[in-house]
$ cat model-v4.cif   # mmCIF, N, CA and C atoms
data_target
#
loop_
_atom_site.label_atom_id
_atom_site.label_comp_id
_atom_site.auth_asym_id
_atom_site.auth_seq_id
_atom_site.Cartn_x
_atom_site.Cartn_y
_atom_site.Cartn_z
N MET A 1 227.55 -26.64 20.59
CA MET A 1 228.65 -27.05 19.72
C MET A 1 229.50 -28.07 20.46
N SER A 2 230.07 -28.99 19.73
CA SER A 2 230.87 -30.06 20.31
C SER A 2 232.22 -29.54 20.80
N ASP A 3 232.72 -30.16 21.87
CA ASP A 3 234.04 -29.82 22.37
C ASP A 3 235.13 -30.50 21.55
N VAL A 4 234.75 -31.50 20.76
CA VAL A 4 235.71 -32.29 20.02
C VAL A 4 236.11 -31.63 18.72
N GLY A 5 235.20 -31.05 18.02
CA GLY A 5 235.50 -30.42 16.74
C GLY A 5 234.77 -29.11 16.60
N THR A 6 235.03 -28.42 15.51
CA THR A 6 234.38 -27.13 15.33
C THR A 6 232.98 -27.28 14.75
N LYS A 7 232.75 -28.31 13.92
CA LYS A 7 231.44 -28.51 13.32
C LYS A 7 230.77 -29.72 13.96
N GLU A 8 229.54 -29.54 14.38
CA GLU A 8 228.82 -30.65 14.98
C GLU A 8 228.41 -31.65 13.90
N LEU A 9 228.68 -32.92 14.15
CA LEU A 9 228.33 -33.97 13.22
C LEU A 9 227.11 -34.73 13.73
N ARG A 10 226.53 -35.56 12.88
CA ARG A 10 225.37 -36.36 13.27
C ARG A 10 225.84 -37.74 13.70
N ILE A 11 225.72 -38.03 14.96
CA ILE A 11 226.05 -39.35 15.49
C ILE A 11 224.80 -39.89 16.15
N VAL A 12 224.40 -41.09 15.76
CA VAL A 12 223.21 -41.74 16.30
C VAL A 12 223.65 -42.79 17.30
N GLY A 13 222.99 -42.83 18.45
CA GLY A 13 223.28 -43.84 19.46
C GLY A 13 222.05 -44.66 19.78
N PHE A 14 222.14 -45.98 19.61
CA PHE A 14 221.09 -46.90 20.03
C PHE A 14 221.48 -47.42 21.39
N LEU A 15 220.72 -47.05 22.44
CA LEU A 15 221.07 -47.40 23.80
C LEU A 15 220.03 -48.29 24.45
N CYS A 16 220.51 -49.32 25.12
CA CYS A 16 219.66 -50.22 25.89
C CYS A 16 218.96 -49.42 27.00
N ASN A 17 217.68 -49.63 27.14
CA ASN A 17 216.88 -48.94 28.14
C ASN A 17 217.37 -49.19 29.57
N TRP A 18 217.82 -50.39 29.85
CA TRP A 18 218.10 -50.79 31.23
C TRP A 18 219.48 -50.38 31.71
N CYS A 19 220.48 -50.44 30.86
CA CYS A 19 221.84 -50.16 31.32
C CYS A 19 222.45 -48.91 30.69
N SER A 20 222.65 -48.93 29.39
CA SER A 20 223.38 -47.82 28.76
C SER A 20 222.64 -46.50 28.83
N TYR A 21 221.32 -46.54 28.68
CA TYR A 21 220.56 -45.30 28.81
C TYR A 21 220.69 -44.77 30.23
N GLY A 22 220.68 -45.68 31.20
CA GLY A 22 220.90 -45.28 32.59
C GLY A 22 222.29 -44.72 32.81
N GLY A 23 223.30 -45.29 32.13
CA GLY A 23 224.67 -44.77 32.22
C GLY A 23 224.77 -43.37 31.64
N ALA A 24 224.07 -43.15 30.53
CA ALA A 24 224.05 -41.81 29.93
C ALA A 24 223.35 -40.82 30.87
N ASP A 25 222.28 -41.28 31.49
CA ASP A 25 221.57 -40.44 32.45
C ASP A 25 222.44 -40.13 33.66
N THR A 26 223.17 -41.13 34.14
CA THR A 26 224.08 -40.93 35.27
C THR A 26 225.14 -39.89 34.92
N ALA A 27 225.67 -39.96 33.70
CA ALA A 27 226.67 -38.98 33.26
C ALA A 27 226.05 -37.58 33.21
N GLY A 28 224.80 -37.50 32.77
CA GLY A 28 224.13 -36.20 32.71
C GLY A 28 223.85 -35.63 34.09
N VAL A 29 223.36 -36.48 34.99
CA VAL A 29 223.07 -36.05 36.35
C VAL A 29 224.35 -35.62 37.06
N GLY A 30 225.46 -36.35 36.77
CA GLY A 30 226.75 -36.01 37.36
C GLY A 30 227.41 -34.83 36.70
N ARG A 31 226.76 -34.27 35.68
CA ARG A 31 227.26 -33.12 34.93
C ARG A 31 228.66 -33.35 34.34
N PHE A 32 228.88 -34.59 33.87
CA PHE A 32 230.14 -34.89 33.19
C PHE A 32 230.12 -34.22 31.82
N LYS A 33 231.22 -33.61 31.46
CA LYS A 33 231.32 -32.90 30.20
C LYS A 33 231.34 -33.90 29.05
N GLN A 34 230.41 -33.70 28.08
CA GLN A 34 230.28 -34.63 26.96
C GLN A 34 230.07 -33.85 25.66
N PRO A 35 230.47 -34.47 24.54
CA PRO A 35 230.16 -33.86 23.25
C PRO A 35 228.65 -33.85 23.01
N THR A 36 228.19 -32.93 22.23
CA THR A 36 226.75 -32.80 21.98
C THR A 36 226.31 -33.36 20.64
N ASP A 37 227.20 -34.06 19.96
CA ASP A 37 226.90 -34.60 18.63
C ASP A 37 225.95 -35.79 18.66
N LEU A 38 225.89 -36.52 19.74
CA LEU A 38 225.15 -37.78 19.82
C LEU A 38 223.65 -37.54 19.99
N ARG A 39 222.88 -38.23 19.16
CA ARG A 39 221.42 -38.25 19.28
C ARG A 39 221.03 -39.65 19.71
N ILE A 40 220.38 -39.77 20.85
CA ILE A 40 220.11 -41.07 21.46
C ILE A 40 218.74 -41.60 21.05
N ILE A 41 218.72 -42.87 20.70
CA ILE A 41 217.48 -43.61 20.47
C ILE A 41 217.46 -44.73 21.49
N ARG A 42 216.48 -44.69 22.38
CA ARG A 42 216.39 -45.70 23.44
C ARG A 42 215.66 -46.92 22.90
N VAL A 43 216.29 -48.10 23.06
CA VAL A 43 215.69 -49.36 22.63
C VAL A 43 215.55 -50.27 23.85
N PRO A 44 214.61 -51.22 23.82
CA PRO A 44 214.43 -52.09 24.99
C PRO A 44 215.67 -52.91 25.32
N CYS A 45 216.42 -53.30 24.30
CA CYS A 45 217.60 -54.15 24.50
C CYS A 45 218.51 -53.98 23.28
N SER A 46 219.82 -54.10 23.49
CA SER A 46 220.73 -54.00 22.34
C SER A 46 220.48 -55.14 21.35
N GLY A 47 219.92 -56.24 21.83
CA GLY A 47 219.57 -57.35 20.95
C GLY A 47 218.45 -57.01 19.98
N ARG A 48 217.73 -55.94 20.23
CA ARG A 48 216.65 -55.50 19.33
C ARG A 48 217.15 -54.58 18.22
N VAL A 49 218.42 -54.24 18.24
CA VAL A 49 218.98 -53.36 17.22
C VAL A 49 219.30 -54.20 15.99
N ASP A 50 218.49 -54.03 14.97
CA ASP A 50 218.71 -54.72 13.70
C ASP A 50 219.89 -54.03 13.01
N PRO A 51 220.84 -54.78 12.47
CA PRO A 51 221.95 -54.15 11.75
C PRO A 51 221.50 -53.21 10.64
N LEU A 52 220.32 -53.46 10.09
CA LEU A 52 219.81 -52.56 9.05
C LEU A 52 219.48 -51.18 9.60
N PHE A 53 219.18 -51.07 10.91
CA PHE A 53 218.98 -49.75 11.53
C PHE A 53 220.27 -48.94 11.42
N VAL A 54 221.39 -49.59 11.68
CA VAL A 54 222.69 -48.93 11.63
C VAL A 54 223.01 -48.52 10.20
N VAL A 55 222.81 -49.44 9.26
CA VAL A 55 223.09 -49.16 7.85
C VAL A 55 222.22 -48.01 7.36
N ARG A 56 220.95 -48.06 7.68
CA ARG A 56 220.05 -47.00 7.23
C ARG A 56 220.45 -45.64 7.81
N ALA A 57 220.83 -45.62 9.08
CA ALA A 57 221.28 -44.36 9.69
C ALA A 57 222.49 -43.80 8.94
N LEU A 58 223.45 -44.67 8.64
CA LEU A 58 224.65 -44.21 7.95
C LEU A 58 224.37 -43.77 6.52
N LEU A 59 223.44 -44.43 5.85
CA LEU A 59 223.14 -44.08 4.46
C LEU A 59 222.24 -42.85 4.33
N THR A 60 221.54 -42.49 5.41
CA THR A 60 220.59 -41.38 5.33
C THR A 60 221.03 -40.15 6.11
N GLY A 61 222.32 -40.03 6.40
CA GLY A 61 222.78 -38.78 6.97
C GLY A 61 223.62 -38.84 8.23
N ALA A 62 223.65 -39.97 8.91
CA ALA A 62 224.47 -40.05 10.12
C ALA A 62 225.94 -40.16 9.73
N ASP A 63 226.80 -39.53 10.51
CA ASP A 63 228.24 -39.61 10.28
C ASP A 63 228.88 -40.72 11.10
N GLY A 64 228.15 -41.23 12.09
CA GLY A 64 228.63 -42.32 12.92
C GLY A 64 227.47 -42.92 13.69
N VAL A 65 227.61 -44.19 14.09
CA VAL A 65 226.57 -44.87 14.87
C VAL A 65 227.22 -45.62 16.02
N LEU A 66 226.65 -45.44 17.19
CA LEU A 66 227.10 -46.10 18.41
C LEU A 66 225.96 -46.96 18.94
N VAL A 67 226.25 -48.23 19.26
CA VAL A 67 225.27 -49.11 19.88
C VAL A 67 225.84 -49.49 21.24
N SER A 68 225.03 -49.36 22.28
CA SER A 68 225.51 -49.66 23.62
C SER A 68 224.45 -50.42 24.40
N GLY A 69 224.88 -51.46 25.12
CA GLY A 69 223.95 -52.28 25.87
C GLY A 69 224.52 -52.72 27.20
N CYS A 70 223.83 -53.65 27.83
CA CYS A 70 224.26 -54.21 29.11
C CYS A 70 225.52 -55.04 28.92
N HIS A 71 226.28 -55.18 29.99
CA HIS A 71 227.46 -56.04 29.95
C HIS A 71 227.03 -57.49 29.72
N PRO A 72 227.88 -58.29 29.05
CA PRO A 72 227.55 -59.71 28.90
C PRO A 72 227.27 -60.35 30.27
N ARG A 73 226.31 -61.25 30.30
CA ARG A 73 225.80 -61.93 31.51
C ARG A 73 225.03 -60.99 32.43
N ASP A 74 224.74 -59.79 31.98
CA ASP A 74 224.02 -58.84 32.80
C ASP A 74 222.77 -58.31 32.09
N CYS A 75 222.41 -58.95 30.97
CA CYS A 75 221.29 -58.49 30.16
C CYS A 75 219.97 -58.76 30.88
N HIS A 76 219.08 -57.78 30.87
CA HIS A 76 217.78 -57.95 31.49
C HIS A 76 216.89 -58.91 30.73
N TYR A 77 217.27 -59.21 29.49
CA TYR A 77 216.53 -60.19 28.68
C TYR A 77 217.37 -61.44 28.46
N SER A 78 218.23 -61.75 29.37
CA SER A 78 219.07 -62.95 29.42
C SER A 78 220.18 -62.99 28.37
N GLU A 79 219.82 -63.00 27.09
CA GLU A 79 220.82 -63.22 26.05
C GLU A 79 220.82 -62.15 24.96
N GLY A 80 220.11 -61.07 25.15
CA GLY A 80 219.99 -60.07 24.09
C GLY A 80 221.30 -59.51 23.63
N ASN A 81 222.21 -59.23 24.55
CA ASN A 81 223.48 -58.64 24.15
C ASN A 81 224.39 -59.64 23.44
N TYR A 82 224.20 -60.94 23.67
CA TYR A 82 224.96 -61.94 22.92
C TYR A 82 224.53 -61.94 21.45
N TYR A 83 223.21 -61.85 21.23
CA TYR A 83 222.71 -61.76 19.85
C TYR A 83 223.20 -60.48 19.19
N ALA A 84 223.17 -59.40 19.95
CA ALA A 84 223.63 -58.12 19.41
C ALA A 84 225.10 -58.20 19.02
N ARG A 85 225.92 -58.77 19.88
CA ARG A 85 227.35 -58.84 19.61
C ARG A 85 227.62 -59.61 18.31
N ARG A 86 226.93 -60.72 18.11
CA ARG A 86 227.13 -61.50 16.88
C ARG A 86 226.72 -60.71 15.64
N ARG A 87 225.54 -60.12 15.70
CA ARG A 87 225.04 -59.36 14.54
C ARG A 87 225.90 -58.15 14.23
N LEU A 88 226.29 -57.42 15.28
CA LEU A 88 227.03 -56.19 15.08
C LEU A 88 228.46 -56.44 14.62
N GLU A 89 229.04 -57.54 15.04
CA GLU A 89 230.38 -57.89 14.57
C GLU A 89 230.34 -58.24 13.08
N MET A 90 229.31 -58.93 12.65
CA MET A 90 229.16 -59.22 11.22
C MET A 90 228.92 -57.93 10.43
N LEU A 91 228.15 -57.01 11.01
CA LEU A 91 227.91 -55.73 10.36
C LEU A 91 229.21 -54.96 10.19
N ARG A 92 230.05 -54.97 11.20
CA ARG A 92 231.34 -54.27 11.13
C ARG A 92 232.13 -54.74 9.91
N ARG A 93 232.12 -56.06 9.68
CA ARG A 93 232.84 -56.62 8.54
C ARG A 93 232.18 -56.25 7.21
N LEU A 94 230.88 -56.07 7.22
CA LEU A 94 230.13 -55.75 6.00
C LEU A 94 230.31 -54.29 5.58
N LEU A 95 230.53 -53.40 6.53
CA LEU A 95 230.60 -51.97 6.22
C LEU A 95 231.66 -51.63 5.18
N GLN A 96 232.81 -52.29 5.23
CA GLN A 96 233.87 -51.98 4.26
C GLN A 96 233.44 -52.29 2.83
N PHE A 97 232.57 -53.30 2.65
CA PHE A 97 232.08 -53.62 1.32
C PHE A 97 231.06 -52.60 0.83
N MET A 98 230.49 -51.84 1.77
CA MET A 98 229.56 -50.79 1.42
C MET A 98 230.26 -49.46 1.16
N GLY A 99 231.59 -49.43 1.37
CA GLY A 99 232.35 -48.21 1.18
C GLY A 99 232.30 -47.28 2.37
N ILE A 100 231.99 -47.82 3.55
CA ILE A 100 231.92 -47.02 4.78
C ILE A 100 233.02 -47.49 5.72
N ASP A 101 233.82 -46.56 6.19
CA ASP A 101 234.89 -46.89 7.12
C ASP A 101 234.29 -47.48 8.39
N GLU A 102 234.80 -48.63 8.82
CA GLU A 102 234.25 -49.29 10.00
C GLU A 102 234.47 -48.49 11.29
N LYS A 103 235.33 -47.49 11.24
CA LYS A 103 235.56 -46.63 12.42
C LYS A 103 234.36 -45.73 12.70
N ARG A 104 233.44 -45.65 11.75
CA ARG A 104 232.22 -44.85 11.95
C ARG A 104 231.17 -45.59 12.76
N PHE A 105 231.45 -46.83 13.11
CA PHE A 105 230.52 -47.66 13.86
C PHE A 105 231.23 -48.25 15.07
N HIS A 106 230.55 -48.22 16.21
CA HIS A 106 231.14 -48.77 17.43
C HIS A 106 230.03 -49.34 18.30
N TYR A 107 230.31 -50.48 18.92
CA TYR A 107 229.38 -51.00 19.92
C TYR A 107 230.14 -51.27 21.20
N THR A 108 229.45 -51.10 22.31
CA THR A 108 230.09 -51.21 23.62
C THR A 108 229.08 -51.62 24.67
N TRP A 109 229.57 -51.90 25.86
CA TRP A 109 228.72 -52.29 27.00
C TRP A 109 228.96 -51.30 28.13
N VAL A 110 227.90 -50.67 28.59
CA VAL A 110 227.97 -49.70 29.69
C VAL A 110 226.79 -49.94 30.61
N SER A 111 227.05 -50.07 31.91
CA SER A 111 225.94 -50.28 32.85
C SER A 111 225.43 -48.93 33.37
N ALA A 112 224.32 -48.98 34.07
CA ALA A 112 223.67 -47.76 34.54
C ALA A 112 224.53 -46.99 35.55
N SER A 113 225.41 -47.67 36.24
CA SER A 113 226.23 -46.99 37.24
C SER A 113 227.55 -46.45 36.69
N GLU A 114 227.80 -46.64 35.40
CA GLU A 114 229.08 -46.26 34.81
C GLU A 114 228.99 -44.95 34.02
N GLY A 115 228.64 -43.89 34.71
CA GLY A 115 228.53 -42.59 34.06
C GLY A 115 229.85 -42.10 33.49
N GLN A 116 230.94 -42.31 34.21
CA GLN A 116 232.24 -41.86 33.72
C GLN A 116 232.69 -42.68 32.51
N LYS A 117 232.39 -43.98 32.54
CA LYS A 117 232.73 -44.81 31.38
C LYS A 117 231.93 -44.33 30.16
N TRP A 118 230.64 -44.02 30.37
CA TRP A 118 229.81 -43.52 29.27
C TRP A 118 230.43 -42.26 28.69
N GLN A 119 230.82 -41.34 29.55
CA GLN A 119 231.43 -40.10 29.10
C GLN A 119 232.67 -40.38 28.25
N GLN A 120 233.50 -41.31 28.69
CA GLN A 120 234.72 -41.65 27.96
C GLN A 120 234.41 -42.28 26.60
N VAL A 121 233.44 -43.20 26.57
CA VAL A 121 233.05 -43.86 25.31
C VAL A 121 232.54 -42.83 24.31
N VAL A 122 231.65 -41.96 24.75
CA VAL A 122 231.08 -40.96 23.84
C VAL A 122 232.15 -39.98 23.36
N THR A 123 233.00 -39.54 24.24
CA THR A 123 234.05 -38.60 23.87
C THR A 123 235.02 -39.22 22.88
N ASP A 124 235.45 -40.46 23.14
CA ASP A 124 236.40 -41.13 22.24
C ASP A 124 235.78 -41.38 20.87
N PHE A 125 234.53 -41.88 20.86
CA PHE A 125 233.90 -42.18 19.58
C PHE A 125 233.63 -40.91 18.78
N THR A 126 233.18 -39.86 19.44
CA THR A 126 232.93 -38.60 18.76
C THR A 126 234.22 -38.03 18.19
N LYS A 127 235.29 -38.12 18.94
CA LYS A 127 236.59 -37.65 18.45
C LYS A 127 237.00 -38.44 17.20
N GLN A 128 236.79 -39.74 17.24
CA GLN A 128 237.13 -40.60 16.10
C GLN A 128 236.33 -40.22 14.86
N VAL A 129 235.04 -39.96 15.04
CA VAL A 129 234.19 -39.58 13.90
C VAL A 129 234.60 -38.20 13.38
N HIS A 130 234.95 -37.29 14.27
CA HIS A 130 235.39 -35.97 13.83
C HIS A 130 236.69 -36.05 13.03
N GLU A 131 237.58 -36.96 13.41
CA GLU A 131 238.82 -37.13 12.66
C GLU A 131 238.54 -37.63 11.24
N LEU A 132 237.49 -38.45 11.10
CA LEU A 132 237.11 -38.95 9.77
C LEU A 132 236.39 -37.88 8.95
N GLY A 133 235.73 -36.97 9.63
CA GLY A 133 234.99 -35.91 8.96
C GLY A 133 233.59 -36.35 8.59
N PRO A 134 232.82 -35.47 7.96
CA PRO A 134 231.46 -35.81 7.56
C PRO A 134 231.45 -36.95 6.54
N LEU A 135 230.54 -37.87 6.68
CA LEU A 135 230.45 -39.02 5.78
C LEU A 135 229.93 -38.64 4.41
N HIS A 136 229.00 -37.72 4.36
CA HIS A 136 228.30 -37.46 3.11
C HIS A 136 228.84 -36.27 2.33
N ASP A 137 229.90 -35.63 2.81
CA ASP A 137 230.50 -34.53 2.04
C ASP A 137 231.35 -35.05 0.89
N LYS A 138 231.96 -36.20 1.11
CA LYS A 138 232.80 -36.78 0.07
C LYS A 138 232.63 -38.29 0.07
N LYS A 139 232.93 -38.90 -1.03
CA LYS A 139 232.86 -40.36 -1.12
C LYS A 139 234.03 -40.93 -0.34
N GLU A 140 233.74 -41.82 0.58
CA GLU A 140 234.75 -42.36 1.46
C GLU A 140 235.32 -43.65 0.89
N LYS A 141 236.61 -43.80 1.02
CA LYS A 141 237.26 -45.03 0.56
C LYS A 141 237.62 -45.85 1.79
N ALA A 142 237.12 -47.10 1.85
CA ALA A 142 237.41 -47.98 2.99
C ALA A 142 238.85 -48.46 2.90
N ASP A 143 239.43 -48.64 4.09
CA ASP A 143 240.82 -49.16 4.14
C ASP A 143 240.85 -50.65 3.93
#

$ encode --input "model-v4.cif" --output "structure tokens"
Amino acid sequence: MSDVGTKELRIVGFLCNWCSYGGADTAGVGRFKQPTDLRIIRVPCSGRVDPLFVVRALLTGADGVLVSGCHPRDCHYSEGNYYARRRLEMLRRLLQFMGIDEKRFHYTWVSASEGQKWQQVVTDFTKQVHELGPLHDKKEKAD
């Protein structure tokens, strides 16, 4: 059960194989306390995350989606995170037109050595999603 709320919600995380997945692993190895709501999908690069993956996750049962990759200028594929940032920022703007609160979506940059930062990102995002409540229990009105 999550430390953030009483009911565990479905949060999907698309994590870059090289940095963010390593950061999550570092947090786990360091036994940092984290919410258990997040389900991780490891991708080769955050630039490979199609915005439709995020939309589909939200429309088919996820209560929140987190995308995390390498820091800018630190991408193992040179420019993948720049492409991701452009696409995901446009997606953030599109979500309100779909009737989904943009607070249910977050993207960030975490390197493999930043286990504590990963813990903080996951905890903050999970808390934010818990404050919004389940997405599919009621029709959500975008602000």

$ closest_residue --input "model-v4.cif" --among "A:Arg73, A:His136, A:Arg85, A:Arg10" --to "Ser46 of chain A" --atoms "only N, CA and C atoms"
A:Arg85

$ resolve_selection --input "model-v4.cif" --expression "the PyMOL selection byres (((chain A and resi 114 and name CA) around 9) and name CA)" --output "list in words"
Cys19, Ser20, Gly22, Gly23, Ala24, Thr26, Ala27, Val110, Ser111, Ala112, Ser113, Gly115, Gln116, Lys117, Trp118 and Gln119 of chain A

$ closest_residue --input "model-v4.cif" --among "A:Thr60, A:Ser78, A:Leu135, A:Gly13" --to "Thr36 of chain A" --atoms "only C-alpha atoms"
A:Gly13

$ closest_residue --input "model-v4.cif" --among "A:Asn17, A:Ser68, A:Gln34, A:Gln120" --to "Tyr107 of chain A" --atoms "all atoms listed in the file"
A:Ser68

$ atom_distance --input "model-v4.cif" --atom1 "atom CA of Lys127 of chain A" --atom2 "atom CA of Asp74 of chain A"
28.5 Å

$ select_by_dssp --input "model-v4.cif" --residues "segment 21-127 of chain A" --states "alpha helix (DSSP H)" --output "ChimeraX atom specification"
/A:21-29,51-59,80-95,115-127

$ resolve_selection --input "model-v4.cif" --expression "the PyMOL selection byres ((chain A and resi 12) around 5)" --output "list in words"
Arg10, Ile11, Gly13, Phe14, Arg39, Gly64, Val65 and Leu66 of chain A

$ select_by_dssp --input "model-v4.cif" --residues "segment 94-140 of chain A" --states "strand (DSSP E)" --output "PyMOL selection string"
chain A and resi 105-109

$ closest_residue --input "model-v4.cif" --among "A:Arg87, A:Ala62, A:Tyr82, A:His76" --to "Asp50 of chain A" --atoms "only C-alpha atoms"
A:Arg87

$ atom_distance --input "model-v4.cif" --atom1 "atom C of Ile40 of chain A" --atom2 "atom CA of Gly28 of chain A"
13.9 Å

$ residues_around --input "model-v4.cif" --residues "Ala84 of chain A" --least-positions-apart "4" --cutoff "6 Å" --atoms "only N, CA and C atoms" --output "list in words"
Ser46, Gly47, Gly80, Leu88 and Glu89 of chain A

$ atom_distance --input "model-v4.cif" --atom1 "atom CA of Asp63 of chain A" --atom2 "atom C of Glu79 of chain A"
27.9 Å

$ axis_aligned_box --input "model-v4.cif" --around "segment 100-118 of chain A" --padding-each-side "5 Å" --output "AutoDock Vina command-line options"
--center_x 229.6 --center_y -47.1 --center_z 20.4 --size_x 21.9 --size_y 20.4 --size_z 43.7

$ closest_residue --input "model-v4.cif" --among "A:Lys33, A:Arg56, A:Arg93, A:Arg48" --to "His106 of chain A" --atoms "only C-alpha atoms"
A:Arg93

$ residues_near_point --input "model-v4.cif" --point "(228.4, -54.2, 29.5)" --cutoff "5 Å" --atoms "only N, CA and C atoms" --output "PyMOL selection string"
chain A and resi 69-72+109-111
